[in-house]
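S.K.: Here you go, query-v6.cif (mmCIF, C-alpha atoms and all ligand atoms):
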```cif
data_structure
#
loop_
_atom_site.group_PDB
_atom_site.id
_atom_site.type_symbol
_atom_site.label_atom_id
_atom_site.label_comp_id
_atom_site.auth_asym_id
_atom_site.auth_seq_id
_atom_site.Cartn_x
_atom_site.Cartn_y
_atom_site.Cartn_z
ATOM 1 C CA ALA A 247 -34.996 139.964 -35.935
ATOM 2 C CA VAL A 248 -34.802 136.714 -37.857
ATOM 3 C CA PRO A 249 -32.449 136.867 -40.840
ATOM 4 C CA TYR A 250 -34.530 135.850 -43.862
ATOM 5 C CA VAL A 251 -31.725 136.336 -46.325
ATOM 6 C CA VAL A 252 -28.402 134.540 -46.274
ATOM 7 C CA GLY A 253 -26.120 135.953 -48.932
ATOM 8 C CA SER A 254 -28.324 136.050 -51.991
ATOM 9 C CA LYS A 255 -30.442 133.070 -50.943
ATOM 10 C CA SER A 256 -33.714 134.023 -49.363
ATOM 11 C CA TYR A 257 -35.359 131.229 -47.373
ATOM 12 C CA THR A 258 -38.696 132.047 -48.924
ATOM 13 C CA ALA A 259 -37.302 131.957 -52.445
ATOM 14 C CA VAL A 260 -35.860 128.492 -51.830
ATOM 15 C CA ALA A 261 -39.161 127.275 -50.326
ATOM 16 C CA VAL A 262 -41.116 128.640 -53.298
ATOM 17 C CA ASN A 263 -38.686 127.161 -55.794
ATOM 18 C CA CYS A 264 -38.867 123.737 -54.109
ATOM 19 C CA ALA A 265 -42.665 123.760 -53.950
ATOM 20 C CA ALA A 266 -43.006 124.810 -57.593
ATOM 21 C CA LYS A 267 -40.465 122.249 -58.854
ATOM 22 C CA ALA A 268 -41.906 119.370 -56.816
ATOM 23 C CA GLY A 269 -45.466 120.370 -57.677
ATOM 24 C CA GLU A 270 -44.824 120.533 -61.404
ATOM 25 C CA TRP A 271 -43.059 117.187 -61.271
ATOM 26 C CA ILE A 272 -45.816 115.339 -59.403
ATOM 27 C CA LYS A 273 -48.450 116.848 -61.673
ATOM 28 C CA SER A 274 -46.514 115.706 -64.757
ATOM 29 C CA LYS A 275 -46.511 112.165 -63.308
ATOM 30 C CA LEU A 276 -50.207 112.071 -62.391
ATOM 31 C CA GLY A 277 -51.711 108.667 -63.194
ATOM 32 C CA THR A 278 -48.353 107.025 -63.926
ATOM 33 C CA TYR A 279 -47.225 105.606 -60.574
ATOM 34 C CA THR A 280 -46.151 101.960 -60.598
ATOM 35 C CA HIS A 281 -45.473 101.428 -56.870
ATOM 36 C CA LEU A 282 -48.482 101.783 -54.593
ATOM 37 C CA ASP A 283 -47.640 100.736 -51.037
ATOM 38 C CA THR A 284 -49.501 101.029 -47.775
ATOM 39 C CA LYS A 285 -47.953 102.300 -44.561
ATOM 40 C CA TYR A 286 -49.687 102.530 -41.168
ATOM 41 C CA SER A 287 -53.023 101.131 -42.305
ATOM 42 C CA ARG A 288 -54.688 99.767 -45.442
ATOM 43 C CA GLN A 289 -55.860 103.338 -46.189
ATOM 44 C CA ASP A 290 -52.436 104.968 -45.677
ATOM 45 C CA LEU A 291 -50.969 105.142 -49.201
ATOM 46 C CA VAL A 292 -47.558 106.017 -50.592
ATOM 47 C CA THR A 293 -46.250 106.074 -54.181
ATOM 48 C CA GLU A 294 -42.822 106.543 -55.693
ATOM 49 C CA MET A 295 -43.858 110.148 -56.445
ATOM 50 C CA ASP A 296 -44.215 110.904 -52.706
ATOM 51 C CA LYS A 297 -40.659 109.676 -52.195
ATOM 52 C CA GLY A 298 -39.307 111.295 -55.362
ATOM 53 C CA ALA A 299 -40.807 114.693 -54.542
ATOM 54 C CA GLU A 300 -39.422 114.571 -51.022
ATOM 55 C CA ALA A 301 -35.943 113.674 -52.318
ATOM 56 C CA LEU A 302 -36.090 116.571 -54.800
ATOM 57 C CA ILE A 303 -37.020 119.055 -52.065
ATOM 58 C CA ARG A 304 -34.533 117.660 -49.560
ATOM 59 C CA ASN A 305 -31.641 117.875 -52.031
ATOM 60 C CA LEU A 306 -32.487 121.430 -53.032
ATOM 61 C CA VAL A 307 -32.914 122.647 -49.450
ATOM 62 C CA LEU A 308 -29.727 120.989 -48.180
ATOM 63 C CA THR A 309 -27.721 122.240 -51.158
ATOM 64 C CA HIS A 310 -28.655 125.800 -50.204
ATOM 65 C CA PHE A 311 -28.561 125.316 -46.426
ATOM 66 C CA PRO A 312 -26.362 122.318 -45.521
ATOM 67 C CA ASP A 313 -26.464 123.043 -41.782
ATOM 68 C CA HIS A 314 -30.263 123.108 -41.551
ATOM 69 C CA ALA A 315 -32.315 120.174 -40.226
ATOM 70 C CA PHE A 316 -34.919 118.481 -42.420
ATOM 71 C CA LEU A 317 -38.113 116.651 -41.430
ATOM 72 C CA GLY A 318 -40.131 115.120 -44.267
ATOM 73 C CA GLU A 319 -43.047 112.714 -44.018
ATOM 74 C CA GLU A 320 -41.456 110.028 -46.174
ATOM 75 C CA GLY A 321 -38.247 110.041 -44.135
ATOM 76 C CA VAL A 322 -40.171 108.980 -41.051
ATOM 77 C CA GLU A 323 -41.785 105.673 -40.138
ATOM 78 C CA ALA A 324 -45.571 105.691 -40.354
ATOM 79 C CA GLY A 325 -47.891 106.207 -37.422
ATOM 80 C CA PRO A 326 -48.479 108.806 -34.705
ATOM 81 C CA GLU A 327 -45.791 107.574 -32.307
ATOM 82 C CA ALA A 328 -43.038 107.598 -34.956
ATOM 83 C CA SER A 329 -44.080 111.055 -36.140
ATOM 84 C CA ARG A 330 -43.990 112.416 -32.564
ATOM 85 C CA LYS A 331 -40.526 110.912 -31.987
ATOM 86 C CA ALA A 332 -39.190 112.222 -35.303
ATOM 87 C CA LEU A 333 -40.236 115.758 -34.398
ATOM 88 C CA GLU A 334 -38.704 115.415 -30.932
ATOM 89 C CA LYS A 335 -35.407 114.316 -32.486
ATOM 90 C CA VAL A 336 -35.028 117.517 -34.518
ATOM 91 C CA SER A 337 -36.641 119.868 -32.002
ATOM 92 C CA ALA A 338 -33.302 121.350 -30.902
ATOM 93 C CA ALA A 339 -32.356 122.393 -34.448
ATOM 94 C CA GLU A 340 -31.992 126.139 -34.982
ATOM 95 C CA TYR A 341 -33.409 125.955 -38.512
ATOM 96 C CA LEU A 342 -35.775 123.118 -39.374
ATOM 97 C CA TRP A 343 -37.499 122.483 -42.723
ATOM 98 C CA ILE A 344 -40.803 120.630 -42.365
ATOM 99 C CA VAL A 345 -42.045 119.088 -45.593
ATOM 100 C CA ASP A 346 -45.041 117.164 -46.881
ATOM 101 C CA PRO A 347 -44.089 116.292 -50.480
ATOM 102 C CA ILE A 348 -47.653 115.301 -51.469
ATOM 103 C CA ASP A 349 -50.432 116.228 -49.085
ATOM 104 C CA GLY A 350 -53.426 114.305 -50.352
ATOM 105 C CA THR A 351 -51.785 111.126 -51.651
ATOM 106 C CA THR A 352 -55.154 109.337 -51.796
ATOM 107 C CA ASN A 353 -56.473 112.075 -54.105
ATOM 108 C CA TYR A 354 -53.267 111.925 -56.139
ATOM 109 C CA VAL A 355 -53.637 108.162 -56.608
ATOM 110 C CA HIS A 356 -57.254 108.575 -57.744
ATOM 111 C CA GLN A 357 -56.441 111.605 -59.929
ATOM 112 C CA PHE A 358 -58.811 113.737 -57.870
ATOM 113 C CA PRO A 359 -57.201 117.148 -58.437
ATOM 114 C CA PHE A 360 -56.936 118.333 -54.847
ATOM 115 C CA TYR A 361 -53.442 117.702 -53.501
ATOM 116 C CA SER A 362 -50.533 119.950 -52.606
ATOM 117 C CA VAL A 363 -46.898 120.377 -51.643
ATOM 118 C CA SER A 364 -46.375 121.875 -48.183
ATOM 119 C CA ILE A 365 -43.040 123.378 -47.102
ATOM 120 C CA ALA A 366 -42.297 125.242 -43.873
ATOM 121 C CA LEU A 367 -39.171 126.603 -42.237
ATOM 122 C CA ALA A 368 -39.082 126.881 -38.448
ATOM 123 C CA HIS A 369 -36.555 128.940 -36.504
ATOM 124 C CA LYS A 370 -36.118 127.738 -32.901
ATOM 125 C CA GLY A 371 -39.467 125.937 -33.061
ATOM 126 C CA GLU A 372 -41.413 128.809 -34.565
ATOM 127 C CA VAL A 373 -42.551 128.700 -38.194
ATOM 128 C CA ILE A 374 -41.170 131.697 -40.116
ATOM 129 C CA VAL A 375 -41.893 130.661 -43.719
ATOM 130 C CA GLY A 376 -44.846 128.664 -45.048
ATOM 131 C CA VAL A 377 -45.478 127.729 -48.674
ATOM 132 C CA ILE A 378 -48.281 125.553 -50.068
ATOM 133 C CA TYR A 379 -48.507 124.829 -53.789
ATOM 134 C CA ASP A 380 -51.570 123.431 -55.567
ATOM 135 C CA PRO A 381 -50.352 122.231 -58.985
ATOM 136 C CA SER A 382 -53.879 121.448 -60.243
ATOM 137 C CA ARG A 383 -54.899 125.106 -60.061
ATOM 138 C CA ASP A 384 -51.372 126.543 -60.203
ATOM 139 C CA GLU A 385 -51.970 128.348 -56.915
ATOM 140 C CA LEU A 386 -48.995 129.177 -54.734
ATOM 141 C CA PHE A 387 -49.736 130.326 -51.184
ATOM 142 C CA VAL A 388 -46.842 132.039 -49.407
ATOM 143 C CA ALA A 389 -46.487 133.413 -45.875
ATOM 144 C CA GLU A 390 -43.628 134.973 -43.947
ATOM 145 C CA LYS A 391 -43.834 135.550 -40.214
ATOM 146 C CA GLY A 392 -44.853 139.147 -39.574
ATOM 147 C CA LYS A 393 -45.048 139.972 -43.291
ATOM 148 C CA GLY A 394 -48.435 138.625 -44.350
ATOM 149 C CA ALA A 395 -49.777 135.844 -46.544
ATOM 150 C CA TYR A 396 -50.050 136.030 -50.321
ATOM 151 C CA LEU A 397 -51.539 134.364 -53.398
ATOM 152 C CA ARG A 398 -50.482 135.798 -56.774
ATOM 153 C CA ASN A 399 -49.440 139.167 -55.268
ATOM 154 C CA ARG A 400 -52.796 139.407 -53.495
ATOM 155 C CA THR A 401 -52.730 139.768 -49.707
ATOM 156 C CA LEU A 402 -54.762 137.013 -48.087
ATOM 157 C CA ALA A 403 -57.357 137.712 -45.424
ATOM 158 C CA VAL A 404 -59.645 135.299 -43.576
ATOM 159 C CA SER A 405 -63.418 135.393 -44.085
ATOM 160 C CA GLU A 406 -65.944 137.574 -42.265
ATOM 161 C CA GLU A 407 -68.541 135.092 -40.940
ATOM 162 C CA THR A 408 -69.324 135.591 -37.272
ATOM 163 C CA THR A 409 -71.719 132.673 -36.710
ATOM 164 C CA LEU A 410 -71.512 128.934 -37.252
ATOM 165 C CA SER A 411 -74.775 129.064 -39.197
ATOM 166 C CA ASP A 412 -73.133 131.252 -41.888
ATOM 167 C CA SER A 413 -69.930 129.182 -41.965
ATOM 168 C CA LEU A 414 -68.498 126.810 -44.558
ATOM 169 C CA LEU A 415 -66.130 124.417 -42.761
ATOM 170 C CA ALA A 416 -63.809 121.593 -43.731
ATOM 171 C CA THR A 417 -62.450 118.593 -41.911
ATOM 172 C CA GLY A 418 -60.645 115.377 -42.834
ATOM 173 C CA PHE A 419 -60.605 111.702 -42.110
ATOM 174 C CA PRO A 420 -57.272 110.269 -40.964
ATOM 175 C CA ALA A 421 -55.761 107.148 -42.488
ATOM 176 C CA ASP A 422 -56.340 105.095 -39.317
ATOM 177 C CA PRO A 423 -60.141 104.924 -39.422
ATOM 178 C CA VAL A 424 -60.556 102.186 -36.856
ATOM 179 C CA THR A 425 -59.269 104.358 -34.034
ATOM 180 C CA ALA A 426 -60.198 107.762 -35.434
ATOM 181 C CA TYR A 427 -63.704 107.399 -36.841
ATOM 182 C CA PRO A 428 -65.729 107.293 -33.615
ATOM 183 C CA ALA A 429 -64.503 110.803 -32.700
ATOM 184 C CA ASN A 430 -64.873 112.001 -36.324
ATOM 185 C CA MET A 431 -68.470 110.816 -36.490
ATOM 186 C CA ALA A 432 -69.400 112.336 -33.138
ATOM 187 C CA GLN A 433 -67.917 115.670 -34.263
ATOM 188 C CA LEU A 434 -69.731 115.622 -37.601
ATOM 189 C CA GLN A 435 -73.003 114.769 -35.939
ATOM 190 C CA ALA A 436 -72.627 117.672 -33.511
ATOM 191 C CA VAL A 437 -71.287 120.302 -35.922
ATOM 192 C CA ALA A 438 -73.081 119.616 -39.229
ATOM 193 C CA PRO A 439 -76.571 120.741 -38.115
ATOM 194 C CA GLN A 440 -75.143 124.029 -36.808
ATOM 195 C CA VAL A 441 -73.219 125.174 -39.917
ATOM 196 C CA ARG A 442 -73.916 125.992 -43.566
ATOM 197 C CA ASN A 443 -71.998 122.943 -44.807
ATOM 198 C CA ILE A 444 -68.894 120.813 -44.351
ATOM 199 C CA ARG A 445 -66.303 119.733 -46.918
ATOM 200 C CA ALA A 446 -63.683 116.983 -46.663
ATOM 201 C CA GLY A 447 -61.441 117.562 -49.663
ATOM 202 C CA GLY A 448 -58.579 115.282 -48.661
ATOM 203 C CA SER A 449 -55.648 117.684 -48.329
ATOM 204 C CA ALA A 450 -55.252 119.196 -44.881
ATOM 205 C CA ALA A 451 -52.642 121.663 -46.164
ATOM 206 C CA LEU A 452 -54.920 122.959 -48.924
ATOM 207 C CA HIS A 453 -57.806 123.285 -46.492
ATOM 208 C CA LEU A 454 -55.553 125.433 -44.298
ATOM 209 C CA ALA A 455 -54.590 127.575 -47.292
ATOM 210 C CA TYR A 456 -58.301 127.989 -48.059
ATOM 211 C CA VAL A 457 -59.002 129.207 -44.529
ATOM 212 C CA ALA A 458 -56.221 131.783 -45.009
ATOM 213 C CA ALA A 459 -57.740 132.792 -48.362
ATOM 214 C CA GLY A 460 -61.223 133.247 -46.881
ATOM 215 C CA ARG A 461 -62.647 130.376 -48.957
ATOM 216 C CA LEU A 462 -63.419 128.396 -45.807
ATOM 217 C CA SER A 463 -64.542 129.836 -42.462
ATOM 218 C CA GLY A 464 -62.668 127.128 -40.579
ATOM 219 C CA PHE A 465 -60.991 123.724 -40.645
ATOM 220 C CA TRP A 466 -60.420 121.095 -37.979
ATOM 221 C CA GLU A 467 -58.954 117.602 -37.998
ATOM 222 C CA MET A 468 -57.686 115.063 -35.492
ATOM 223 C CA ASN A 469 -54.340 113.200 -35.504
ATOM 224 C CA LEU A 470 -52.428 115.313 -38.012
ATOM 225 C CA SER A 471 -48.631 115.626 -38.088
ATOM 226 C CA SER A 472 -46.282 118.607 -38.104
ATOM 227 C CA TRP A 473 -45.756 118.389 -41.892
ATOM 228 C CA ASP A 474 -49.511 118.633 -42.548
ATOM 229 C CA LEU A 475 -49.793 121.790 -40.464
ATOM 230 C CA ALA A 476 -46.615 123.852 -40.233
ATOM 231 C CA ALA A 477 -46.942 125.884 -43.454
ATOM 232 C CA GLY A 478 -50.728 126.280 -43.405
ATOM 233 C CA THR A 479 -50.950 127.445 -39.816
ATOM 234 C CA LEU A 480 -48.557 130.326 -40.565
ATOM 235 C CA LEU A 481 -50.631 131.264 -43.629
ATOM 236 C CA ILE A 482 -53.744 131.489 -41.433
ATOM 237 C CA GLN A 483 -52.064 133.495 -38.681
ATOM 238 C CA GLU A 484 -50.642 135.917 -41.234
ATOM 239 C CA ALA A 485 -54.081 136.236 -42.858
ATOM 240 C CA GLY A 486 -55.581 137.297 -39.522
ATOM 241 C CA GLY A 487 -57.072 133.948 -38.461
ATOM 242 C CA LYS A 488 -56.737 131.858 -35.341
ATOM 243 C CA VAL A 489 -54.888 128.548 -34.865
ATOM 244 C CA THR A 490 -55.165 126.380 -31.745
ATOM 245 C CA ASP A 491 -55.757 122.774 -30.791
ATOM 246 C CA ILE A 492 -59.372 121.590 -30.522
ATOM 247 C CA GLU A 493 -59.498 122.747 -26.875
ATOM 248 C CA GLY A 494 -58.288 126.228 -27.751
ATOM 249 C CA ASN A 495 -54.680 125.865 -26.532
ATOM 250 C CA PRO A 496 -51.990 127.715 -28.550
ATOM 251 C CA TYR A 497 -50.542 126.011 -31.641
ATOM 252 C CA HIS A 498 -47.024 124.587 -31.571
ATOM 253 C CA LEU A 499 -45.290 122.072 -33.851
ATOM 254 C CA GLY A 500 -46.409 119.103 -31.725
ATOM 255 C CA VAL A 501 -50.157 119.848 -31.961
ATOM 256 C CA ARG A 502 -52.082 117.014 -33.683
ATOM 257 C CA ASN A 503 -55.762 117.897 -33.162
ATOM 258 C CA ILE A 504 -55.964 121.175 -35.026
ATOM 259 C CA LEU A 505 -58.616 123.895 -35.024
ATOM 260 C CA THR A 506 -58.262 126.870 -37.361
ATOM 261 C CA THR A 507 -60.819 129.566 -38.122
ATOM 262 C CA ASN A 508 -61.281 133.159 -39.187
ATOM 263 C CA GLY A 509 -61.111 133.917 -35.444
ATOM 264 C CA ARG A 510 -64.714 135.061 -35.270
ATOM 265 C CA ILE A 511 -66.243 131.573 -34.960
ATOM 266 C CA HIS A 512 -63.321 130.042 -33.066
ATOM 267 C CA ASP A 513 -64.800 129.759 -29.588
ATOM 268 C CA SER A 514 -68.186 128.481 -30.818
ATOM 269 C CA LEU A 515 -66.567 125.812 -32.977
ATOM 270 C CA SER A 516 -64.138 124.785 -30.237
ATOM 271 C CA GLN A 517 -67.059 124.409 -27.841
ATOM 272 C CA ALA A 518 -69.140 122.381 -30.319
ATOM 273 C CA LEU A 519 -66.219 120.020 -30.989
ATOM 274 C CA GLN A 520 -65.477 119.528 -27.305
ATOM 275 C CA ASP A 521 -69.142 118.902 -26.494
ATOM 276 C CA ALA A 522 -69.225 116.286 -29.265
ATOM 277 C CA THR A 523 -66.580 114.038 -27.748
ATOM 278 C CA LYS A 524 -67.479 114.490 -24.080
ATOM 279 C CA SER A 525 -68.586 111.127 -22.766
HETATM 280 C C1 LIG A 601 -53.328 113.336 -45.364
HETATM 281 C C2 LIG A 601 -54.207 114.422 -45.923
HETATM 282 C C3 LIG A 601 -55.646 114.161 -45.598
HETATM 283 C C4 LIG A 601 -55.863 114.024 -44.121
HETATM 284 C C5 LIG A 601 -54.952 112.954 -43.566
HETATM 285 C C6 LIG A 601 -53.506 113.256 -43.898
HETATM 286 P P1 LIG A 601 -51.135 112.692 -46.747
HETATM 287 O O1 LIG A 601 -51.967 113.576 -45.664
HETATM 288 O O2 LIG A 601 -53.858 115.682 -45.408
HETATM 289 O O3 LIG A 601 -56.459 115.216 -46.021
HETATM 290 O O4 LIG A 601 -57.201 113.717 -43.865
HETATM 291 O O5 LIG A 601 -55.136 112.926 -42.172
HETATM 292 O O6 LIG A 601 -52.696 112.252 -43.377
HETATM 293 O O7 LIG A 601 -50.860 111.365 -46.102
HETATM 294 O O8 LIG A 601 -51.921 112.597 -47.983
HETATM 295 O O9 LIG A 601 -49.869 113.477 -46.855
HETATM 296 CA CA CA A 602 -49.047 110.084 -46.190
HETATM 297 CA CA CA A 603 -50.138 115.077 -45.214
HETATM 298 CA CA CA A 604 -47.866 113.287 -47.690
#
```
Can you dump the structure from the file as structure tokens?

M.R.:
Amino acid sequence: AVPYVVGSKSYTAVAVNCAAKAGEWIKSKLGTYTHLDTKYSRQDLVTEMDKGAEALIRNLVLTHFPDHAFLGEEGVEAGPEASRKALEKVSAAEYLWIVDPIDGTTNYVHQFPFYSVSIALAHKGEVIVGVIYDPSRDELFVAEKGKGAYLRNRTLAVSEETTLSDSLLATGFPADPVTAYPANMAQLQAVAPQVRNIRAGGSAALHLAYVAAGRLSGFWEMNLSSWDLAAGTLLIQEAGGKVTDIEGNPYHLGVRNILTTNGRIHDSLSQALQDATKS
């Protein structure tokens, strides 16, 4: 069994503490950033709060667990190749923290209150703790491998829909539209007429938490990184849902094209998405 508790320091307690502290801090700074930079593309934004929140989390985690590895979005160069290489570099670590300090930076910049802090701990490549905090609603989603997923002491369970036509889905648009949009548009065109509706809220991590909470029947998105997905995918698995890539292959930390559902609509949605991009 995986040891969750080292001395008096539980991994989950540290993850929760980090997410709450970082979340409260970014919320307190909403609308006050002075450094808005772009990274991989004109649409790929970063503020000093992204960097500050990551530093806060990194310091807290490494103070508690100095021999653990740490992978945070703002410690890595922008773009898919750099993010793949960064993950490869730490893949041998026994314990690896995977952190997105602000998921939904575009929303944060525009003061659209749908952004989150996402923190995961992986043991030998498998996520064992996942925490997502939404400071706007003060909602803290917590999952531990084999022990369930929770929101305010409530056990989370995925939704009941069995057909696409009864399903509320979400997706997202990556920050490199030039390369990504043709596939996005083809997918929307194929899926939208078959489902109840589609949302694109702008925080992949929160969308994943919403699938776990049964507020969405499913979520898919192309070109995501490990820090967008690690915590939320555990939440969904622990809430009884299904997590694969778009083709239906099992999830691992390197998966970028993610498909998550309540399980019941998984095969139909996977098929619809694959049909959409078949040339
Ligand atoms: C982004 C958000 C967004 C998704 C993008 C991500 P960031 O993360 O999750 O919803 O559509 O693909 O890159 O950059 O705000 O942490
Ligand atoms: Ca970003
Ligand atoms: Ca992100
Ligand atoms: Ca981010």

S.K.: Could the residues of chain A that have an atom at most 7 Å from ligand LIG 601 (chain A) be listed as JSON lines, each with its closest atom pair and the distance in Å to one decimal, counting all atoms listed in the file and ordered by chain and ascending residue number?

M.R.:
```
{"residue": "A:Asp290", "atom": "CA", "partner": "A:LIG601", "partner_atom": "O7", "distance": 6.6}
{"residue": "A:Leu291", "atom": "CA", "partner": "A:LIG601", "partner_atom": "O7", "distance": 7.0}
{"residue": "A:Asp346", "atom": "CA", "partner": "A:LIG601", "partner_atom": "O9", "distance": 6.1}
{"residue": "A:Ile348", "atom": "CA", "partner": "A:LIG601", "partner_atom": "O9", "distance": 5.4}
{"residue": "A:Asp349", "atom": "CA", "partner": "A:LIG601", "partner_atom": "O9", "distance": 3.6}
{"residue": "A:Gly350", "atom": "CA", "partner": "A:LIG601", "partner_atom": "O8", "distance": 3.3}
{"residue": "A:Thr351", "atom": "CA", "partner": "A:LIG601", "partner_atom": "O8", "distance": 4.0}
{"residue": "A:Thr352", "atom": "CA", "partner": "A:LIG601", "partner_atom": "O8", "distance": 6.0}
{"residue": "A:Gly418", "atom": "CA", "partner": "A:LIG601", "partner_atom": "O4", "distance": 4.0}
{"residue": "A:Phe419", "atom": "CA", "partner": "A:LIG601", "partner_atom": "O4", "distance": 4.3}
{"residue": "A:Pro420", "atom": "CA", "partner": "A:LIG601", "partner_atom": "O5", "distance": 3.6}
{"residue": "A:Ala421", "atom": "CA", "partner": "A:LIG601", "partner_atom": "O5", "distance": 5.8}
{"residue": "A:Gly447", "atom": "CA", "partner": "A:LIG601", "partner_atom": "O3", "distance": 6.6}
{"residue": "A:Gly448", "atom": "CA", "partner": "A:LIG601", "partner_atom": "O3", "distance": 3.4}
{"residue": "A:Ser449", "atom": "CA", "partner": "A:LIG601", "partner_atom": "O3", "distance": 3.5}
{"residue": "A:Ala450", "atom": "CA", "partner": "A:LIG601", "partner_atom": "O2", "distance": 3.8}
{"residue": "A:Ala451", "atom": "CA", "partner": "A:LIG601", "partner_atom": "O2", "distance": 6.2}
{"residue": "A:Asn469", "atom": "CA", "partner": "A:LIG601", "partner_atom": "O5", "distance": 6.7}
{"residue": "A:Leu470", "atom": "CA", "partner": "A:LIG601", "partner_atom": "O5", "distance": 5.5}
{"residue": "A:Asp474", "atom": "CA", "partner": "A:LIG601", "partner_atom": "O2", "distance": 6.0}
```

S.K.: What does the distance from CA of His314 in chain A to CA of Val262 in chain A come to in Å, to one decimal?

M.R.: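 So the answer is 16.9 Å.
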
S.K.: With distances taken over only C-alpha atoms, which residue among A:Gly464, A:Gly318, A:Gly486, A:Pro428 lies nearest Leu367 in chain A?

M.R.: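 Closest to Leu367 in chain A, using only C-alpha atoms: A:Gly318.
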
S.K.: May I ask for the distance between CA of His512 in chain A and CA of Lys488 in chain A, given in Å to one decimal place?

M.R.: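 If I compute the distance from CA of His512 in chain A to CA of Lys488 in chain A, I get 7.2 Å.
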
S.K.: If the PyMOL selection byres (((chain A and resi 412) around 10) and not hetatm) is run on the structure shown, which residues does it catch, given as a PyMOL selection string?

M.R.: chain A and resi 406-411+413-415+440-443+463+511

S.K.: Hey, which of A:Ala438, A:Ala338, A:Ala403, A:Ala328 ends up closest to Leu462 in chain A? Count all atoms listed in the file.

M.R.: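 Going through A:Ala438, A:Ala338, A:Ala403, A:Ala328 one by one, the smallest distance to Leu462 in chain A is for A:Ala403.
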
S.K.: Which is closest to ligand CA 602 (chain A) among A:Thr280, A:Val307, A:Val345, A:Lys267, if we use all atoms listed in the file?

M.R.: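 Ranked by minimum distance to ligand CA 602 (chain A), first place goes to A:Val345.
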
S.K.: Taking all atoms listed in the file into account, name the residue in A:Ala368, A:Leu515, A:Ala522, A:Leu475 that is nearest to ligand CA 603 (chain A).

M.R.: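 Using all atoms listed in the file, the shortest distance to ligand CA 603 (chain A) belongs to A:Leu475.
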
S.K.: For Tyr354 in chain A, work out the shell of residues within 12 Å, counting only C-alpha atoms and skipping chain neighbours fewer than 6 positions away, then give it as a PyMOL selection string.

M.R.: chain A and resi 269+272-279+282+291-296+347-348+360-363+380-382+447-449

S.K.: Excluding Leu454 in chain A and its own-chain neighbours fewer than 6 positions away, which residues fall within 9 Å of it when counting all atoms listed in the file? Please give them as a list of chain:residue names.

M.R.: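 Contacts, in chain order: A:Leu462, A:Gly464, A:Phe465, A:Leu475, A:Ala477, A:Gly478, A:Thr479, A:Leu481, A:Ile482, A:Thr506.
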
S.K.: Using all atoms listed in the file, which residue out of A:Asp521, A:Asp422, A:Asp491, A:Glu270 lies closest to Thr284 in chain A?

M.R.: A:Asp422

S.K.: Taking only C-alpha atoms into account, which of A:Lys524, A:Lys331, A:His310, A:Arg400 comes nearest Ala458 in chain A?

M.R.: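 With only C-alpha atoms as the atom set, the closest residue is A:Arg400.
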
S.K.: Between CA of Thr523 in chain A and CA of Trp466 in chain A, what is the distance, to one decimal in Å?

M.R.: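 CA of Trp466 in chain A lies at a distance of 13.9 Å from CA of Thr523 in chain A.
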
S.K.: Which residues, written as a PyMOL selection string, have at least one atom at most 12 Å from Glu327 in chain A, with only C-alpha atoms counted and residues fewer than 5 positions away on the same chain left out?

M.R.: chain A and resi 286+322+332-334+469-471+500+502

S.K.: Padding 8 Å on every side, please: axis-aligned box over the listed atoms of range 331-347 of chain A, centre and edge lengths to one decimal in Å, as JSON.

M.R.:
```
{"center_x": -38.5, "center_y": 118.5, "center_z": -40.7, "size_x": 29.0, "size_y": 31.2, "size_z": 35.6}
```

S.K.: If the PyMOL selection byres (((chain A and resi 498) around 10) and not hetatm) were run on this exact file, what residues would it hold? Put them as a PyMOL selection string.

M.R.: chain A and resi 371-373+472+475-476+479+489-491+495-497+499-502
